[in-house]
Amino acid sequence: MSEPLLDVKRVTKRFGGFTALDEVSVAIRPGERFGLVGPNGSGKTTLINCISGVLGLDKGTISFLGTDISALPTYMRTRRGIARSFQIPRPFRTMTVIENLMVALEFTAGHGHRETERQQEAIALIEQMGLGAKASRPSSELSQVELRKMELARAMAARPKLLISDEAMAGLSSAEIDEVLDLLIKLNQDGIAIIMIEHIMQAVMRFSERVMCLDAGRIIAAGTPAEVMADQRVQEAYLGASPQG
Amino acid sequence: MQQAERGWIFWTAAALFVGAAAFATLAIKNEYPFFAGYLILQFMVLATAWNILGGYAGYVNFGTSAFFGLGVYTAVFLFKATGAPLLVQIAAAAAVGALLGFLVGLLTLRMRGIFFSIATIALTIIIETFIINWKFVGGATGMPMIRPPATAPFDSYIKMLFVNGAVMVVIAVALARFIQGSWIGRGLRALRDDELAAACSGVPTLKLKLLACVISGALMCAAGAPNAMYLSFADPASAFNLNYSVSALAMSLIGGTSHWIGPVLGALLLGSTQQLLTVTISSEVNVLVLGLMLILFVVGAPEGLLGLFRRMRARFSGDAGGRA
């Protein structure tokens, strides 16, 4: 096995008396497609908030490309190559689509480039995501699926090595889910490792090479999608009872 | 090229503005226009400074009067202790303001929304209490300031303060304009829209907010420094008057917070209206008018004068398009 891109070691996160993550360890390989599943409140978003630096750790370490990044602020982690989208889209509402991307470009990969170069990069990304016609529109005018795509484009503007997609398909129609899924697969083909957090099981099964299931802040199963789905504890966590044989 | 052209226009306008202010002091004998005009210039600096943190970054600061008052008392202290000239007083006040901005920023910028605003109000009370108990600068009763003779070519201290005010407006506006057009401004705008998304896009949010707080604080303090000489008196109740906080905020909101010209227009409109009312009716009506105008704009034009202009332009160009 090659050296992990991201190495989460025995991470614990508590909110007061509530333990949201309990000694969670996981390693992501470069270019891997990794699915993170679990019922509501299982700690999925807490884990990615810890990885992206939005939340500090109570215990454990997170390494990226062999360096401990546990103490780095969020923006430094983004600059090193960890980008993310949000469960509820968080666009820069007073900006146009292209301006949204220009922010990410200016403060990460495009730093030091000329503005015209950054603009070209932004337009290329917007077109790649199929938002070419909306480039100059205010982001507040975008539909749900367009917002999701813009968030992915903005995350991509940081030229990440790891992209964390936090429920990028929530609230989308099945045709739209396929669209976003195709985009993620295309991004992965360019060599970007992707952690996908999703409730839509078909999407996770189709997308992931490896899946991990969290429940109440603990890993209850990890392996291939088929293995995890067949795991009794996973089924119990999702359905609340043992499946009838 | 377009940017360079705009820069050229800006600096020409700035030179003309200062030149006109200087010429007026030579051409007009009466001191009153300069006495009144100085206040408008002072509010232009305050509103511009407020807008750097309040408008660009979206952190509503109610502590303008704390910074302003500290500027007043930095000048008072320096003048009493060393007899330092006006420019030294202003430079020292700017340094003190920057330091206070940094410290306050470190302590408060992790708070958001109303919590940050409340913390800044508390700041005024803390510093004012400190000054009230500091006998060297006059304590609660304040102290009279005897103006030194004006430096040539000015024949009066007020006229000198007026030109000095015009230069300070140019410095403040140039700084705000630079910030707005630079990566700092774009980062601040991003964090104003969504701080978490900004951080996840690589924006060093805390550093940028601190920088905004430092620059804003330095300008506010510098704006306060000449005030004791302007009034020939300094006392904590007027130096730390909440009116400065409210006015700076109102002027920025009324002018429009999205562009550097907004606070300048707001200060011009509100400042001159207040001066006019002070002369024609009474100074108490000022506060009433300030409140009424703020309500009017918040309800009718939430994006201020700039938003109104934009809407009007859009309507006219829409009409023109319709006719064509």
# chains A, B, ... in the order shown; residues from 1 in each chain; ligands from 1

call {"tool": "interface_residues", "arguments": {"of": "chain A", "to": "chain B", "cutoff": "9 Å", "atoms": "only C-alpha atoms", "output": "number ranges by chain"}}
result
A: 52-54, 73-79, 82-86, 90-95, 100-101, 103-108, 154-155, 157-158

call {"tool": "write_last_selection", "arguments": {"atoms": "C-alpha atoms", "output": "PDB file, in the first residue's frame"}}
result
ATOM      1  CA  SER A  52     -10.718  20.579   7.170  1.00  0.00           C
ATOM      2  CA  GLY A  53      -9.771  22.373  10.394  1.00  0.00           C
ATOM      3  CA  VAL A  54     -13.168  23.896  11.167  1.00  0.00           C
ATOM      4  CA  PRO A  73      -5.943  26.662  10.561  1.00  0.00           C
ATOM      5  CA  THR A  74      -8.533  25.883   7.900  1.00  0.00           C
ATOM      6  CA  TYR A  75      -7.143  28.173   5.218  1.00  0.00           C
ATOM      7  CA  MET A  76      -3.684  26.591   5.486  1.00  0.00           C
ATOM      8  CA  ARG A  77      -5.158  23.128   5.044  1.00  0.00           C
ATOM      9  CA  THR A  78      -7.018  24.336   1.955  1.00  0.00           C
ATOM     10  CA  ARG A  79      -3.781  25.733   0.568  1.00  0.00           C
ATOM     11  CA  ILE A  82      -7.765  19.778   1.204  1.00  0.00           C
ATOM     12  CA  ALA A  83     -10.887  21.302  -0.323  1.00  0.00           C
ATOM     13  CA  ARG A  84     -14.507  20.729   0.584  1.00  0.00           C
ATOM     14  CA  SER A  85     -18.068  21.465  -0.299  1.00  0.00           C
ATOM     15  CA  PHE A  86     -20.843  21.962   2.256  1.00  0.00           C
ATOM     16  CA  ARG A  90     -22.437  28.312   1.214  1.00  0.00           C
ATOM     17  CA  PRO A  91     -21.882  30.590  -1.777  1.00  0.00           C
ATOM     18  CA  PHE A  92     -20.481  34.113  -1.505  1.00  0.00           C
ATOM     19  CA  ARG A  93     -23.918  35.556  -2.137  1.00  0.00           C
ATOM     20  CA  THR A  94     -22.970  39.074  -3.181  1.00  0.00           C
ATOM     21  CA  MET A  95     -20.605  37.738  -5.825  1.00  0.00           C
ATOM     22  CA  ASN A 100     -16.774  33.001  -6.195  1.00  0.00           C
ATOM     23  CA  LEU A 101     -14.109  30.975  -7.962  1.00  0.00           C
ATOM     24  CA  VAL A 103     -11.628  34.145  -4.417  1.00  0.00           C
ATOM     25  CA  ALA A 104     -10.532  30.549  -4.099  1.00  0.00           C
ATOM     26  CA  LEU A 105      -8.039  30.923  -6.951  1.00  0.00           C
ATOM     27  CA  GLU A 106      -6.542  34.121  -5.595  1.00  0.00           C
ATOM     28  CA  PHE A 107      -6.013  32.731  -2.111  1.00  0.00           C
ATOM     29  CA  THR A 108      -4.729  29.314  -3.121  1.00  0.00           C
ATOM     30  CA  ARG A 154     -14.902  26.605  -6.144  1.00  0.00           C
ATOM     31  CA  ALA A 155     -13.366  23.710  -4.238  1.00  0.00           C
ATOM     32  CA  ALA A 157     -10.191  26.154  -7.865  1.00  0.00           C
ATOM     33  CA  ALA A 158      -7.910  25.436  -4.902  1.00  0.00           C
TER      34      ALA A 158
END

call {"tool": "residues_around", "arguments": {"residues": "Ser238 in chain B", "least_positions_apart": "4", "cutoff": "12 Å", "atoms": "only C-alpha atoms", "output": "list in words"}}
result
Ser65, Ala66, Phe68, Gly69, Leu70, Val72, Tyr73, Glu128, Ile132, Ala140, Thr141, Gly142, Met143, Gly224, Asn227, Ala228, Leu231, Phe233, Ala234, Leu242, Asn243 and Tyr244 of chain B

call {"tool": "write_last_selection", "arguments": {"atoms": "C-alpha atoms", "output": "PDB file, in the first residue's frame"}}
result
ATOM      1  CA  SER B  65     -16.033  56.668  19.849  1.00  0.00           C
ATOM      2  CA  ALA B  66     -13.487  54.599  21.823  1.00  0.00           C
ATOM      3  CA  PHE B  68     -11.818  58.583  18.409  1.00  0.00           C
ATOM      4  CA  GLY B  69     -11.627  59.491  22.091  1.00  0.00           C
ATOM      5  CA  LEU B  70      -8.325  57.686  22.488  1.00  0.00           C
ATOM      6  CA  VAL B  72      -8.138  62.918  21.285  1.00  0.00           C
ATOM      7  CA  TYR B  73      -6.384  61.936  24.494  1.00  0.00           C
ATOM      8  CA  GLU B 128     -13.525  56.387  28.964  1.00  0.00           C
ATOM      9  CA  ILE B 132     -11.953  59.921  33.636  1.00  0.00           C
ATOM     10  CA  ALA B 140     -13.656  63.976  34.364  1.00  0.00           C
ATOM     11  CA  THR B 141     -13.655  67.769  34.202  1.00  0.00           C
ATOM     12  CA  GLY B 142     -11.485  67.837  31.106  1.00  0.00           C
ATOM     13  CA  MET B 143      -8.813  70.351  30.289  1.00  0.00           C
ATOM     14  CA  GLY B 224      -9.638  62.181  16.821  1.00  0.00           C
ATOM     15  CA  ASN B 227     -10.192  67.412  17.894  1.00  0.00           C
ATOM     16  CA  ALA B 228      -8.890  68.817  21.182  1.00  0.00           C
ATOM     17  CA  LEU B 231     -12.487  72.638  20.285  1.00  0.00           C
ATOM     18  CA  PHE B 233     -10.914  71.782  25.082  1.00  0.00           C
ATOM     19  CA  ALA B 234     -10.916  68.068  25.803  1.00  0.00           C
ATOM     20  CA  LEU B 242     -21.538  57.653  21.453  1.00  0.00           C
ATOM     21  CA  ASN B 243     -22.642  60.058  18.741  1.00  0.00           C
ATOM     22  CA  TYR B 244     -19.354  59.396  16.899  1.00  0.00           C
TER      23      TYR B 244
END

call {"tool": "residues_around", "arguments": {"residues": "range 245-261 of chain B", "least_positions_apart": "3", "cutoff": "7 Å", "atoms": "only C-alpha atoms", "output": "ChimeraX atom specification"}}
result
/B:43,46-48,50-51,55-56,62-65,173,176-177,242,264-267,270,294,297,303-307

call {"tool": "residues_around", "arguments": {"residues": "Ile48 in chain A", "least_positions_apart": "4", "cutoff": "12 Å", "atoms": "only C-alpha atoms", "output": "JSON, numbers by chain"}}
result
{"A": [6, 8, 11, 13, 20, 21, 24, 26, 36, 43, 44, 52, 53, 54, 55, 56, 57, 62, 74, 82, 83, 84, 85, 86, 87, 162, 163, 164, 165, 166, 167, 194, 195, 196, 197], "B": [200]}

call {"tool": "select_by_dssp", "arguments": {"residues": "range 146-282 of chain B", "states": "alpha helix (DSSP H)", "output": "ChimeraX atom specification"}}
result
/B:157-181,183-193,195-199,205-224,227-231,236-239,242-255,261-280

call {"tool": "residues_around", "arguments": {"residues": "range 210-212 of chain A", "least_positions_apart": "5", "cutoff": "10 Å", "atoms": "only C-alpha atoms", "output": "count of residues only"}}
result
27

call {"tool": "decode", "arguments": {"residues": "range 14-62 of chain B", "atoms": "N, CA and C atoms", "output": "CSV table (one decimal), in the first residue's frame"}}
result
chain,number,residue,atom,x,y,z
B,14,ALA,N,-8.0,63.9,-6.1
B,14,ALA,CA,-7.6,64.1,-4.7
B,14,ALA,C,-6.7,65.3,-4.6
B,15,ALA,N,-5.8,65.5,-5.6
B,15,ALA,CA,-4.9,66.7,-5.6
B,15,ALA,C,-5.8,68.0,-5.7
B,16,LEU,N,-6.8,67.9,-6.6
B,16,LEU,CA,-7.7,69.1,-6.8
B,16,LEU,C,-8.4,69.4,-5.5
B,17,PHE,N,-8.9,68.3,-4.8
B,17,PHE,CA,-9.6,68.5,-3.6
B,17,PHE,C,-8.8,69.2,-2.5
B,18,VAL,N,-7.5,68.7,-2.3
B,18,VAL,CA,-6.7,69.3,-1.3
B,18,VAL,C,-6.3,70.7,-1.8
B,19,GLY,N,-6.0,70.9,-3.1
B,19,GLY,CA,-5.7,72.2,-3.6
B,19,GLY,C,-6.8,73.2,-3.4
B,20,ALA,N,-8.0,72.8,-3.6
B,20,ALA,CA,-9.2,73.6,-3.5
B,20,ALA,C,-9.3,74.0,-2.0
B,21,ALA,N,-9.1,73.0,-1.1
B,21,ALA,CA,-9.2,73.3,0.3
B,21,ALA,C,-8.2,74.3,0.7
B,22,ALA,N,-7.0,74.2,0.2
B,22,ALA,CA,-5.9,75.1,0.6
B,22,ALA,C,-6.2,76.5,0.0
B,23,PHE,N,-6.7,76.5,-1.2
B,23,PHE,CA,-7.0,77.8,-1.9
B,23,PHE,C,-8.1,78.5,-1.1
B,24,ALA,N,-9.1,77.8,-0.7
B,24,ALA,CA,-10.2,78.4,0.0
B,24,ALA,C,-9.7,79.1,1.3
B,25,THR,N,-8.7,78.5,2.0
B,25,THR,CA,-8.2,79.1,3.2
B,25,THR,C,-7.6,80.4,3.0
B,26,LEU,N,-7.0,80.5,1.8
B,26,LEU,CA,-6.4,81.8,1.4
B,26,LEU,C,-7.4,82.8,1.0
B,27,ALA,N,-8.4,82.3,0.2
B,27,ALA,CA,-9.4,83.2,-0.4
B,27,ALA,C,-10.5,83.7,0.6
B,28,ILE,N,-10.8,82.9,1.5
B,28,ILE,CA,-12.0,83.2,2.4
B,28,ILE,C,-11.4,83.7,3.8
B,29,LYS,N,-11.9,84.8,4.2
B,29,LYS,CA,-11.4,85.4,5.5
B,29,LYS,C,-12.1,84.8,6.7
B,30,ASN,N,-13.5,84.6,6.5
B,30,ASN,CA,-14.3,84.2,7.6
B,30,ASN,C,-13.9,82.7,8.0
B,31,GLU,N,-13.8,82.5,9.3
B,31,GLU,CA,-13.3,81.2,9.8
B,31,GLU,C,-14.4,80.2,9.9
B,32,TYR,N,-15.7,80.7,9.9
B,32,TYR,CA,-16.8,79.7,10.2
B,32,TYR,C,-16.9,78.6,9.2
B,33,PRO,N,-16.8,78.9,7.9
B,33,PRO,CA,-17.0,77.8,6.9
B,33,PRO,C,-16.0,76.7,7.1
B,34,PHE,N,-14.8,77.0,7.6
B,34,PHE,CA,-13.7,76.0,7.9
B,34,PHE,C,-14.0,75.3,9.2
B,35,PHE,N,-14.6,76.0,10.1
B,35,PHE,CA,-15.0,75.4,11.4
B,35,PHE,C,-16.0,74.3,11.1
B,36,ALA,N,-17.0,74.7,10.3
B,36,ALA,CA,-18.1,73.7,10.0
B,36,ALA,C,-17.6,72.6,9.0
B,37,GLY,N,-16.8,73.0,8.0
B,37,GLY,CA,-16.3,72.1,7.0
B,37,GLY,C,-15.4,71.1,7.7
B,38,TYR,N,-14.6,71.5,8.7
B,38,TYR,CA,-13.7,70.5,9.3
B,38,TYR,C,-14.5,69.3,9.9
B,39,LEU,N,-15.6,69.6,10.5
B,39,LEU,CA,-16.4,68.5,11.1
B,39,LEU,C,-16.8,67.5,10.0
B,40,ILE,N,-17.2,68.0,8.8
B,40,ILE,CA,-17.6,67.1,7.7
B,40,ILE,C,-16.4,66.3,7.3
B,41,LEU,N,-15.3,66.9,7.2
B,41,LEU,CA,-14.1,66.1,6.8
B,41,LEU,C,-13.7,65.1,7.8
B,42,GLN,N,-13.9,65.5,9.1
B,42,GLN,CA,-13.6,64.5,10.2
B,42,GLN,C,-14.5,63.3,10.1
B,43,PHE,N,-15.8,63.6,9.8
B,43,PHE,CA,-16.7,62.5,9.7
B,43,PHE,C,-16.5,61.6,8.4
B,44,MET,N,-15.9,62.3,7.4
B,44,MET,CA,-15.6,61.5,6.2
B,44,MET,C,-14.5,60.5,6.6
B,45,VAL,N,-13.5,60.9,7.3
B,45,VAL,CA,-12.4,60.0,7.8
B,45,VAL,C,-13.0,58.9,8.6
B,46,LEU,N,-13.9,59.3,9.6
B,46,LEU,CA,-14.4,58.3,10.5
B,46,LEU,C,-15.3,57.3,9.8
B,47,ALA,N,-16.2,57.8,8.9
B,47,ALA,CA,-17.1,56.9,8.2
B,47,ALA,C,-16.3,55.9,7.3
B,48,THR,N,-15.3,56.5,6.6
B,48,THR,CA,-14.4,55.6,5.8
B,48,THR,C,-13.7,54.6,6.6
B,49,ALA,N,-13.2,55.0,7.7
B,49,ALA,CA,-12.5,54.0,8.6
B,49,ALA,C,-13.5,53.0,9.1
B,50,TRP,N,-14.7,53.4,9.5
B,50,TRP,CA,-15.7,52.4,10.0
B,50,TRP,C,-16.0,51.4,8.9
B,51,ASN,N,-16.1,51.9,7.7
B,51,ASN,CA,-16.5,51.0,6.6
B,51,ASN,C,-15.5,49.9,6.3
B,52,ILE,N,-14.2,50.2,6.6
B,52,ILE,CA,-13.2,49.1,6.2
B,52,ILE,C,-13.5,47.9,7.0
B,53,LEU,N,-13.9,48.0,8.3
B,53,LEU,CA,-14.3,46.8,9.0
B,53,LEU,C,-15.8,46.5,9.0
B,54,GLY,N,-16.6,47.5,9.1
B,54,GLY,CA,-18.0,47.4,9.2
B,54,GLY,C,-18.6,47.0,7.8
B,55,GLY,N,-18.2,47.7,6.8
B,55,GLY,CA,-18.7,47.5,5.4
B,55,GLY,C,-18.1,46.4,4.7
B,56,TYR,N,-16.8,46.5,4.5
B,56,TYR,CA,-16.1,45.4,3.7
B,56,TYR,C,-16.1,44.1,4.4
B,57,ALA,N,-15.9,44.0,5.8
B,57,ALA,CA,-15.8,42.7,6.4
B,57,ALA,C,-17.1,42.4,7.1
B,58,GLY,N,-18.1,43.3,7.2
B,58,GLY,CA,-19.4,43.1,7.8
B,58,GLY,C,-19.3,42.9,9.4
B,59,TYR,N,-18.3,43.5,10.0
B,59,TYR,CA,-18.2,43.5,11.5
B,59,TYR,C,-18.7,44.8,12.0
B,60,VAL,N,-19.9,44.9,12.5
B,60,VAL,CA,-20.4,46.2,12.9
B,60,VAL,C,-19.8,46.7,14.2
B,61,ASN,N,-19.0,47.7,14.1
B,61,ASN,CA,-18.2,48.2,15.2
B,61,ASN,C,-19.0,49.4,15.8
B,62,PHE,N,-19.3,49.3,17.1
B,62,PHE,CA,-19.9,50.4,17.8
B,62,PHE,C,-18.8,51.1,18.6
